[in-house]
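Trainee: Sharing a structure with you now.
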Amino acid sequence: MNPAESPALDQVIHHPTRLTMMAFLAGCAEAEFAAVRAYCQVSDASVSRIATALEEAGYLKIRKGAVGRRPRTWLALTPAGRTALKRHLAALQAIADAAQAAGAEAEVHRPGVREQ
């Protein structure tokens, strides 16, 4: 596979922190903002900015509420977000598989190396 022909990566979720957040949320129905922040090891502002971008893309739902008198925010992937993540991961796997196959092929045809 030529890199120009590689499967389409989703540019909305390609950034490592966005991908990490989406992968984390894929493991649950929804997660509290603080749990997402702790897992991704980023600031509140970063989680907020990324969540807003993913929500605008239709990949994330943000739910606000309260526990007692304390405001809380929960994040959840939408069905479109789950589909986008699966497609993105499949594209990454296809790129890795093609690169490994090309590397193995290049190794076999290296001068001075006998085919077995």
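Each chain in the structure tokens gets a letter, A, B and so on, in the order shown; residues start at 1 in every chain, and ligands are counted from 1 in the order they appear.
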Would you kindly return, as a tab-separated table (two decimals) with N, CA, C and O atoms, in the first residue's frame, each protein, DNA or RNA residue with an atom no farther than 9 Å from any atom of A:Asp44, considering only C-alpha atoms and excluding same-chain residues fewer than 3 positions away?
Mentor:
chain	number	residue	atom	x	y	z
A	33	PHE	N	-16.43	13.78	34.22
A	33	PHE	CA	-15.38	14.65	33.71
A	33	PHE	C	-14.05	14.39	34.44
A	33	PHE	O	-13.01	14.24	33.81
A	34	ALA	N	-14.10	14.32	35.76
A	34	ALA	CA	-12.87	14.14	36.55
A	34	ALA	C	-12.18	12.81	36.25
A	34	ALA	O	-10.95	12.74	36.23
A	37	ARG	N	-10.44	13.28	32.91
A	37	ARG	CA	-9.25	14.13	33.11
A	37	ARG	C	-8.12	13.33	33.74
A	37	ARG	O	-6.97	13.39	33.30
A	47	VAL	N	-9.51	19.00	28.71
A	47	VAL	CA	-10.66	18.10	28.60
A	47	VAL	C	-11.86	18.86	28.06
A	47	VAL	O	-12.56	18.39	27.16
A	48	SER	N	-12.09	20.04	28.58
A	48	SER	CA	-13.22	20.86	28.15
A	48	SER	C	-13.13	21.21	26.67
A	48	SER	O	-14.10	21.07	25.92
A	49	ARG	N	-11.95	21.63	26.23
A	49	ARG	CA	-11.74	22.01	24.83
A	49	ARG	C	-11.92	20.81	23.91
A	49	ARG	O	-12.60	20.89	22.89
Trainee: Please compute the atom CA of A:Ala102-atom CA of A:Leu9 distance, one decimal, in Å.
Mentor: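 According to the coordinates, atom CA of A:Ala102 and atom CA of A:Leu9 are separated by 19.7 Å.
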Trainee: Pull the strand (DSSP E) assignments for chain A out of DSSP run on the backbone, and list those residues as a PyMOL selection string.
Mentor: chain A and resi 31-32+60-67+70-77
